[in-house]
$ cat work.csv   # CSV, C-alpha atoms
chain,number,residue,atom,x,y,z
A,523,MET,CA,-68.1,113.4,156.8
A,524,LEU,CA,-64.4,114.1,156.4
A,525,GLN,CA,-64.1,111.9,153.3
A,526,LEU,CA,-67.0,113.7,151.7
A,527,THR,CA,-65.5,117.1,152.1
A,528,ALA,CA,-62.1,115.7,150.9
A,529,GLY,CA,-63.8,114.3,147.8
A,530,ARG,CA,-65.5,117.6,147.1
A,531,ALA,CA,-62.3,119.5,147.7
A,532,GLY,CA,-60.6,117.1,145.4
A,533,SER,CA,-63.0,117.7,142.6
A,534,LEU,CA,-63.0,121.5,143.2
A,535,LEU,CA,-59.2,121.4,142.9
A,536,ALA,CA,-59.4,119.3,139.7
A,537,ARG,CA,-61.9,121.8,138.2
A,538,ARG,CA,-59.8,124.7,139.1
A,539,ALA,CA,-56.7,123.0,137.7
A,540,THR,CA,-58.4,122.4,134.3
A,541,ALA,CA,-59.8,125.9,134.3
A,542,ALA,CA,-56.2,127.2,134.9
A,543,LEU,CA,-54.9,125.1,132.2
A,544,SER,CA,-57.5,126.2,129.6
A,545,THR,CA,-57.1,129.8,130.4
A,546,SER,CA,-53.3,129.7,130.7
A,547,SER,CA,-53.0,129.8,126.9
A,548,ALA,CA,-55.4,132.8,126.7
A,549,ARG,CA,-53.6,134.6,129.4
A,550,MET,CA,-50.1,134.0,128.0
A,551,ALA,CA,-51.3,135.2,124.6
A,552,SER,CA,-50.7,138.7,125.9
A,553,HIS,CA,-47.0,138.0,126.5
A,554,ASP,CA,-45.7,136.6,123.3
A,555,HIS,CA,-47.8,135.4,120.4
A,556,GLU,CA,-45.4,132.5,119.9
A,557,VAL,CA,-46.7,130.7,123.0
A,558,THR,CA,-50.4,130.3,122.0
A,559,LYS,CA,-49.9,126.6,121.8
A,560,PRO,CA,-47.6,124.3,123.8
A,561,LEU,CA,-44.0,124.2,122.6
A,562,ASP,CA,-43.6,121.4,120.1
A,563,VAL,CA,-40.2,119.9,121.1
A,564,SER,CA,-40.3,117.3,118.4
A,565,ARG,CA,-39.4,120.0,115.8
A,566,PRO,CA,-36.3,122.2,115.7
A,567,LEU,CA,-36.2,124.8,118.4
A,568,TYR,CA,-34.9,128.3,118.4
A,569,TRP,CA,-32.3,129.1,121.1
A,570,ASP,CA,-30.3,132.3,121.8
A,571,ARG,CA,-27.0,130.8,122.8
A,572,VAL,CA,-23.5,132.2,122.6
A,573,ASP,CA,-22.1,129.0,121.4
A,574,ILE,CA,-24.8,128.3,118.8
A,575,PRO,CA,-24.4,131.1,116.2
A,576,LEU,CA,-27.0,129.6,113.9
A,577,PRO,CA,-29.9,128.0,115.8
A,578,ASP,CA,-31.9,125.2,114.3
A,579,ARG,CA,-34.6,127.4,112.9
A,580,PRO,CA,-35.1,131.1,112.2
A,581,TYR,CA,-36.8,133.0,114.9
A,582,ARG,CA,-39.9,133.9,112.9
A,583,ASP,CA,-41.1,131.2,110.6
A,584,GLN,CA,-44.6,132.5,110.2
A,585,LEU,CA,-44.0,135.5,108.0
A,586,THR,CA,-46.4,138.3,107.2
A,587,GLU,CA,-46.9,139.5,103.7
A,588,ALA,CA,-44.4,142.3,104.2
A,589,ASP,CA,-41.9,139.8,105.6
A,590,LYS,CA,-42.4,137.5,102.6
A,591,SER,CA,-41.7,140.3,100.2
A,592,LEU,CA,-38.6,141.2,102.1
A,593,LYS,CA,-37.4,137.6,101.9
A,594,GLN,CA,-38.0,137.8,98.1
A,595,LYS,CA,-35.9,140.9,98.0
A,596,GLU,CA,-33.2,139.0,99.9
A,597,LEU,CA,-32.8,136.7,97.0
A,598,ALA,CA,-31.6,139.6,94.8
A,599,PRO,CA,-28.1,141.0,95.2
A,600,TRP,CA,-27.7,142.3,98.7
A,601,THR,CA,-26.3,145.6,97.7
A,602,GLN,CA,-29.8,146.6,96.9
A,603,LEU,CA,-31.0,146.1,100.5
A,604,SER,CA,-31.2,149.2,102.6
A,605,LYS,CA,-29.9,149.3,106.2
A,606,GLU,CA,-33.4,149.0,107.6
A,607,ASP,CA,-34.0,146.0,105.4
A,608,LYS,CA,-30.9,144.3,106.7
A,609,VAL,CA,-31.8,144.9,110.3
A,610,ALA,CA,-35.4,143.7,109.6
A,611,LEU,CA,-34.0,140.5,108.0
A,612,TYR,CA,-31.7,140.0,111.0
A,613,ARG,CA,-34.5,140.4,113.4
A,614,LEU,CA,-36.6,137.9,111.4
A,615,LYS,CA,-33.9,135.3,111.8
A,616,PHE,CA,-32.7,136.0,115.3
A,617,LYS,CA,-34.4,137.1,118.5
A,618,LYS,CA,-31.4,138.8,120.3
A,619,THR,CA,-28.1,140.1,119.1
A,620,TYR,CA,-25.0,138.8,120.7
A,621,ALA,CA,-24.7,142.1,122.6
A,622,GLU,CA,-28.2,141.6,123.9
A,623,MET,CA,-27.6,138.0,124.8
A,624,ASN,CA,-24.5,138.9,126.8
A,625,GLN,CA,-26.1,141.5,128.8
A,626,PRO,CA,-25.6,140.9,132.5
A,627,THR,CA,-28.6,139.7,134.4
A,628,ASN,CA,-29.1,139.8,138.2
A,629,GLU,CA,-29.2,136.1,138.4
A,630,TRP,CA,-25.9,135.9,140.4
A,631,LYS,CA,-27.6,137.6,143.3
A,632,THR,CA,-30.3,134.9,143.5
A,633,ILE,CA,-27.7,132.2,143.3
A,634,VAL,CA,-25.4,133.7,145.9
A,635,GLY,CA,-28.3,134.5,148.2
A,636,GLY,CA,-29.8,131.0,147.8
A,637,THR,CA,-26.4,129.3,148.4
A,638,LEU,CA,-25.7,131.3,151.5
A,639,PHE,CA,-29.2,130.7,152.8
A,640,PHE,CA,-28.9,127.0,152.5
A,641,LEU,CA,-25.4,127.1,154.0
A,642,GLY,CA,-26.9,128.8,157.0
A,643,LEU,CA,-29.7,126.3,157.2
A,644,THR,CA,-27.1,123.5,157.1
A,645,GLY,CA,-25.2,125.3,159.9
A,646,LEU,CA,-28.3,125.2,162.1
A,647,VAL,CA,-28.7,121.5,161.3
A,648,VAL,CA,-25.1,120.9,162.3
A,649,ILE,CA,-25.5,122.8,165.6
A,650,TRP,CA,-28.6,120.8,166.5
A,651,GLN,CA,-26.8,117.6,165.5
A,652,SER,CA,-23.7,118.3,167.6
A,653,HIS,CA,-26.0,118.9,170.6
A,654,TYR,CA,-28.5,116.0,170.3
A,655,VAL,CA,-26.9,113.4,168.1
A,656,TYR,CA,-23.2,113.1,168.8
A,657,PRO,CA,-22.1,110.7,171.5
A,658,PRO,CA,-19.8,112.0,174.3
A,659,ALA,CA,-16.2,112.8,173.2
A,660,PRO,CA,-13.5,110.3,173.9
A,661,LYS,CA,-11.4,110.8,177.0
A,662,THR,CA,-8.4,111.7,174.9
A,663,PHE,CA,-10.0,115.1,174.2
A,664,SER,CA,-10.2,116.2,177.9
A,665,GLU,CA,-8.0,119.1,179.0
A,666,GLU,CA,-6.0,117.0,181.4
A,667,TRP,CA,-5.2,114.3,178.8
A,668,GLU,CA,-4.3,116.9,176.1
A,669,ALA,CA,-1.9,118.6,178.6
A,670,LYS,CA,-0.2,115.3,179.5
A,671,GLN,CA,0.0,114.5,175.8
A,672,LEU,CA,1.7,117.9,175.0
A,673,GLN,CA,4.1,117.4,177.9
A,674,ARG,CA,5.0,113.9,176.5
A,675,MET,CA,5.6,115.4,173.0
A,676,LEU,CA,7.9,118.0,174.4
A,677,ASP,CA,9.8,115.3,176.5
A,678,MET,CA,10.3,113.3,173.3
A,679,ARG,CA,11.7,116.4,171.6
A,680,MET,CA,9.2,116.1,168.7
A,681,ASN,CA,10.3,118.3,165.7
A,682,PRO,CA,13.1,120.0,167.7
A,683,ILE,CA,14.5,121.9,164.7
A,684,GLU,CA,11.5,123.7,163.1
A,685,GLY,CA,8.4,122.3,164.8
A,686,LEU,CA,6.9,121.8,168.2
A,687,ALA,CA,9.9,121.3,170.5
A,688,ALA,CA,11.8,124.0,168.7
A,689,LYS,CA,9.3,126.5,170.1
A,690,TRP,CA,9.7,125.4,173.7
A,691,ASP,CA,12.5,126.8,175.9
A,692,TYR,CA,13.8,123.8,177.8
A,693,GLU,CA,15.9,125.9,180.2
A,694,LYS,CA,13.1,128.2,181.3
A,695,GLY,CA,10.3,125.7,180.9
A,696,GLN,CA,8.1,127.9,178.8
A,697,TRP,CA,7.2,128.8,175.3
A,698,LYS,CA,9.8,130.9,173.5
B,844,MET,CA,-20.6,150.2,107.2
B,845,SER,CA,-17.4,148.3,106.1
B,846,LEU,CA,-15.5,146.9,109.1
B,847,GLN,CA,-11.8,146.0,109.2
B,848,LYS,CA,-11.2,142.3,108.4
B,849,PRO,CA,-10.6,140.5,111.7
B,850,LEU,CA,-7.4,138.5,112.3
B,851,MET,CA,-7.9,135.1,110.9
B,852,ARG,CA,-4.6,133.3,111.3
B,853,GLY,CA,-1.7,133.0,113.7
B,854,LEU,CA,-3.8,133.5,116.8
B,855,LEU,CA,-2.2,130.8,118.8
B,856,SER,CA,1.3,131.8,118.0
B,857,LYS,CA,0.5,135.4,118.9
B,858,ARG,CA,-0.9,134.3,122.2
B,859,LEU,CA,2.2,132.1,122.9
B,860,LYS,CA,4.6,134.8,122.0
B,861,PHE,CA,2.9,137.0,124.5
B,862,HIS,CA,2.3,134.5,127.3
B,863,THR,CA,5.4,132.3,127.2
B,864,PRO,CA,8.0,134.8,128.5
B,865,ILE,CA,5.5,135.8,131.2
B,866,ALA,CA,5.0,132.2,132.2
B,867,PHE,CA,8.7,131.5,132.3
B,868,SER,CA,9.6,134.5,134.3
B,869,LEU,CA,6.7,134.0,136.8
B,870,ALA,CA,7.8,130.3,137.3
B,871,LEU,CA,11.4,131.5,137.8
B,872,LEU,CA,10.3,134.1,140.3
B,873,VAL,CA,8.3,131.5,142.2
B,874,ALA,CA,11.2,129.1,142.3
B,875,LEU,CA,13.6,131.7,143.5
B,876,GLY,CA,11.1,132.9,146.0
B,877,PHE,CA,10.7,129.5,147.4
B,878,LYS,CA,14.4,128.9,147.5
B,879,TYR,CA,15.2,132.0,149.5
B,880,ILE,CA,12.1,132.1,151.6
B,881,VAL,CA,11.7,128.5,152.5
B,882,ALA,CA,14.7,126.4,151.5
B,883,GLU,CA,17.6,128.5,152.7
B,884,PRO,CA,16.1,129.4,156.1
B,885,ARG,CA,15.4,125.7,156.6
B,886,LYS,CA,18.9,124.7,155.8
B,887,LYS,CA,20.2,127.4,158.2
B,888,ALA,CA,17.8,126.2,160.9
B,889,TYR,CA,19.1,122.7,160.7
B,890,ALA,CA,22.8,123.8,160.6
B,891,ASP,CA,22.3,126.0,163.6
B,892,PHE,CA,20.5,123.4,165.5
B,893,TYR,CA,23.2,120.8,165.1
B,894,LYS,CA,26.0,123.2,165.7
B,895,GLN,CA,25.2,123.2,169.4
B,896,TYR,CA,23.5,119.9,169.8
B,897,ASP,CA,24.7,117.7,172.6
B,898,PRO,CA,23.2,114.2,172.1
B,899,VAL,CA,24.3,112.9,175.5
B,900,LYS,CA,22.6,115.8,177.4
B,901,GLU,CA,19.5,115.4,175.3
B,902,TYR,CA,19.4,111.7,175.9
B,903,ALA,CA,19.8,112.2,179.7
B,904,ALA,CA,16.9,114.7,179.7
B,905,MET,CA,14.6,112.4,177.7
B,906,ARG,CA,15.5,109.5,179.9
B,907,GLU,CA,14.6,111.5,183.0
B,908,ALA,CA,11.3,112.4,181.5
B,909,GLY,CA,10.5,108.7,181.1
B,910,VAL,CA,9.8,108.5,177.4
B,911,PHE,CA,12.0,105.5,176.7
B,912,GLN,CA,10.9,101.9,177.0
B,913,SER,CA,14.4,100.4,177.1
B,914,VAL,CA,15.8,102.5,179.9
B,915,ARG,CA,14.1,103.7,183.0
B,916,PRO,CA,14.9,107.1,184.6
B,917,VAL,CA,18.1,107.1,186.7
B,918,GLY,CA,16.2,106.7,189.9
B,919,LYS,CA,15.9,103.0,189.1

$ encode --input "work.csv" --output "structure tokens"
Amino acid sequence: MLQLTAGRAGSLLARRATAALSTSSARMASHDHEVTKPLDVSRPLYWDRVDIPLPDRPYRDQLTEADKSLKQKELAPWTQLSKEDKVALYRLKFKKTYAEMNQPTNEWKTIVGGTLFFLGLTGLVVIWQSHYVYPPAPKTFSEEWEAKQLQRMLDMRMNPIEGLAAKWDYEKGQWK
Amino acid sequence: MSLQKPLMRGLLSKRLKFHTPIAFSLALLVALGFKYIVAEPRKKAYADFYKQYDPVKEYAAMREAGVFQSVRPVGK
């Protein structure tokens, strides 16, 4: 009985998955008409990157008629191009200007938040661990032992000039 | 529409001329700071300590405390 429902649920999921895949292209068409088909990574890609001033291909490589005539005009001396022509040619070749590329995003907030969150999680794990996992501490960590240890260090005059024994007043028997 | 031609040459030497004196003076500052904040007080601390250091008295105190292996405290 359980296996039947699992099987049916499986096929349902499969059908929903394929439906999602087939409609994803139709849905994403509203965002950017470049993404009507899956990205063909075997051909040169376009990337907006600060350290790649000339990407592997121009941004728009399917040109409309107006664009094609503009490209023809580009073959003539450039002094004949108007300012709008130059900007249009730039936008054909590149998606973002350097100024637009370098605009600050809010990504750092996500990163810092995520990092702190996982640090906190790790802290909780460490607390649990120190309570449930660690064996008992060695006897050398007990208060009594550490006091005797300190007394012996003072008796030996350890670091009497700038360190431990320098800070102990031997006449009065107390810290300076 | 015509911009000024940007600097094309001598960029490294310009940077060096600006940053080298700063680097040297900062390094000198740090060295002098270390000398007068760390080294001189330390020398003085050592000098002062040994000016009134009585090794015999210290030895007797340490022996009494029982930290030596070769000699026991005076009480046998």

$ closest_residue --input "work.csv" --among "B:Lys900, B:Lys894, B:Lys860, B:Arg885" --to "chain A" --atoms "only C-alpha atoms"
B:Arg885

$ closest_residue --input "work.csv" --among "B:Ala888, B:Val873, B:Val899, B:Pro916" --to "chain A" --atoms "all atoms listed in the file"
B:Ala888

$ atom_distance --input "work.csv" --atom1 "atom CA of Lys887 of chain B" --atom2 "atom CA of Lys689 of chain A"
16.2 Å

$ atom_distance --input "work.csv" --atom1 "atom CA of Trp667 of chain A" --atom2 "atom CA of Val910 of chain B"
16.1 Å

$ residues_around --input "work.csv" --residues "Ala588 of chain A" --least-positions-apart "6" --cutoff "12 Å" --atoms "all atoms listed in the file" --output "VMD selection string"
chain A and resid 594 to 595 607 610 to 611 614

$ interface_residues --input "work.csv" --of "chain A" --to "chain B" --cutoff "10 Å" --atoms "only C-alpha atoms" --output "count of residues only"
13

$ atom_distance --input "work.csv" --atom1 "atom CA of Pro884 of chain B" --atom2 "atom CA of Ile865 of chain B"
27.8 Å

$ closest_residue --input "work.csv" --among "A:Ala598, A:Glu587, A:Phe616, A:Leu641" --to "Tyr568 of chain A" --atoms "only C-alpha atoms"
A:Phe616

$ closest_residue --input "work.csv" --among "A:Leu672, A:Ala659, A:Ala621, A:Val647" --to "Val572 of chain A" --atoms "all atoms listed in the file"
A:Ala621

$ residues_around --input "work.csv" --residues "Tyr581 of chain A" --least-positions-apart "6" --cutoff "10 Å" --atoms "all atoms listed in the file" --output "PyMOL selection string"
chain A and resi 556+567-570+612-618

$ axis_aligned_box --input "work.csv" --around "segment 853-861 of chain B" --padding-each-side "4 Å" --output "JSON"
{"center_x": 0.4, "center_y": 133.9, "center_z": 119.1, "size_x": 16.4, "size_y": 14.2, "size_z": 18.8}

$ build_atoms --input "work.csv" --residues "segment 579-590 of chain A" --atoms "all heavy atoms" --output "compact mmCIF listing (two decimals), in the frame of the given file"
# COMPACT_ATOMS: atom_id res chain seq x y z
N ARG A 579 -33.65 126.77 113.82
CA ARG A 579 -34.60 127.40 112.90
C ARG A 579 -34.59 128.87 113.06
O ARG A 579 -34.15 129.37 114.09
CB ARG A 579 -36.02 126.80 113.18
CG ARG A 579 -36.61 127.20 114.49
CD ARG A 579 -38.13 127.02 114.45
NE ARG A 579 -38.71 127.23 115.75
CZ ARG A 579 -39.08 128.43 116.20
NH1 ARG A 579 -38.93 129.51 115.47
NH2 ARG A 579 -39.61 128.54 117.41
N PRO A 580 -35.04 129.61 112.04
CA PRO A 580 -35.10 131.10 112.20
C PRO A 580 -36.13 131.43 113.26
O PRO A 580 -37.04 130.66 113.54
CB PRO A 580 -35.46 131.60 110.84
CG PRO A 580 -35.91 130.45 110.07
CD PRO A 580 -35.44 129.21 110.70
N TYR A 581 -36.00 132.61 113.81
CA TYR A 581 -36.80 133.00 114.90
C TYR A 581 -38.30 133.09 114.48
O TYR A 581 -39.19 132.52 115.10
CB TYR A 581 -36.35 134.34 115.47
CG TYR A 581 -37.16 134.84 116.63
CD1 TYR A 581 -37.49 134.00 117.68
CD2 TYR A 581 -37.59 136.15 116.67
CE1 TYR A 581 -38.23 134.46 118.74
CE2 TYR A 581 -38.32 136.61 117.74
CZ TYR A 581 -38.64 135.77 118.77
OH TYR A 581 -39.36 136.22 119.82
N ARG A 582 -38.52 133.82 113.42
CA ARG A 582 -39.90 133.90 112.90
C ARG A 582 -40.08 133.07 111.71
O ARG A 582 -39.48 133.36 110.68
CB ARG A 582 -40.18 135.40 112.56
CG ARG A 582 -39.99 136.36 113.71
CD ARG A 582 -41.04 137.45 113.71
NE ARG A 582 -40.92 138.25 114.92
CZ ARG A 582 -41.46 137.88 116.08
NH1 ARG A 582 -42.16 136.78 116.18
NH2 ARG A 582 -41.31 138.63 117.15
N ASP A 583 -40.84 132.00 111.86
CA ASP A 583 -41.10 131.20 110.60
C ASP A 583 -42.50 131.37 110.12
O ASP A 583 -42.80 130.84 109.08
CB ASP A 583 -40.69 129.76 110.82
CG ASP A 583 -41.16 129.21 112.14
OD1 ASP A 583 -41.91 129.91 112.83
OD2 ASP A 583 -40.75 128.10 112.48
N GLN A 584 -43.36 132.10 110.84
CA GLN A 584 -44.60 132.50 110.20
C GLN A 584 -44.51 133.94 109.77
O GLN A 584 -44.59 134.85 110.58
CB GLN A 584 -45.80 132.37 111.19
CG GLN A 584 -46.36 130.99 111.27
CD GLN A 584 -46.01 130.33 112.58
OE1 GLN A 584 -45.30 130.96 113.39
NE2 GLN A 584 -46.46 129.13 112.79
N LEU A 585 -44.27 134.13 108.47
CA LEU A 585 -44.00 135.50 108.00
C LEU A 585 -45.24 136.17 107.51
O LEU A 585 -46.11 135.54 106.91
CB LEU A 585 -42.97 135.38 106.83
CG LEU A 585 -41.68 134.64 107.15
CD1 LEU A 585 -40.88 134.40 105.90
CD2 LEU A 585 -40.87 135.45 108.14
N THR A 586 -45.28 137.47 107.80
CA THR A 586 -46.40 138.30 107.20
C THR A 586 -46.09 138.54 105.77
O THR A 586 -45.01 138.20 105.26
CB THR A 586 -46.52 139.59 107.99
OG1 THR A 586 -45.33 140.35 107.74
CG2 THR A 586 -46.65 139.36 109.48
N GLU A 587 -47.04 139.21 105.12
CA GLU A 587 -46.90 139.50 103.70
C GLU A 587 -45.65 140.40 103.47
O GLU A 587 -44.86 140.19 102.55
CB GLU A 587 -48.12 140.17 103.13
CG GLU A 587 -49.24 139.18 102.87
CD GLU A 587 -48.79 138.04 101.98
OE1 GLU A 587 -48.04 138.29 100.99
OE2 GLU A 587 -49.15 136.89 102.26
N ALA A 588 -45.52 141.41 104.34
CA ALA A 588 -44.40 142.30 104.20
C ALA A 588 -43.07 141.56 104.37
O ALA A 588 -42.11 141.75 103.62
CB ALA A 588 -44.49 143.43 105.24
N ASP A 589 -43.07 140.63 105.37
CA ASP A 589 -41.90 139.80 105.60
C ASP A 589 -41.57 138.98 104.37
O ASP A 589 -40.41 138.83 103.97
CB ASP A 589 -42.05 138.93 106.80
CG ASP A 589 -42.16 139.74 108.08
OD1 ASP A 589 -41.66 140.89 108.08
OD2 ASP A 589 -42.73 139.23 109.06
N LYS A 590 -42.61 138.42 103.77
CA LYS A 590 -42.40 137.50 102.60
C LYS A 590 -41.79 138.31 101.45
O LYS A 590 -40.88 137.82 100.76
CB LYS A 590 -43.67 136.84 102.21
CG LYS A 590 -44.06 135.75 103.18
CD LYS A 590 -45.13 134.81 102.62
CE LYS A 590 -45.55 133.86 103.71
NZ LYS A 590 -46.98 133.69 103.85
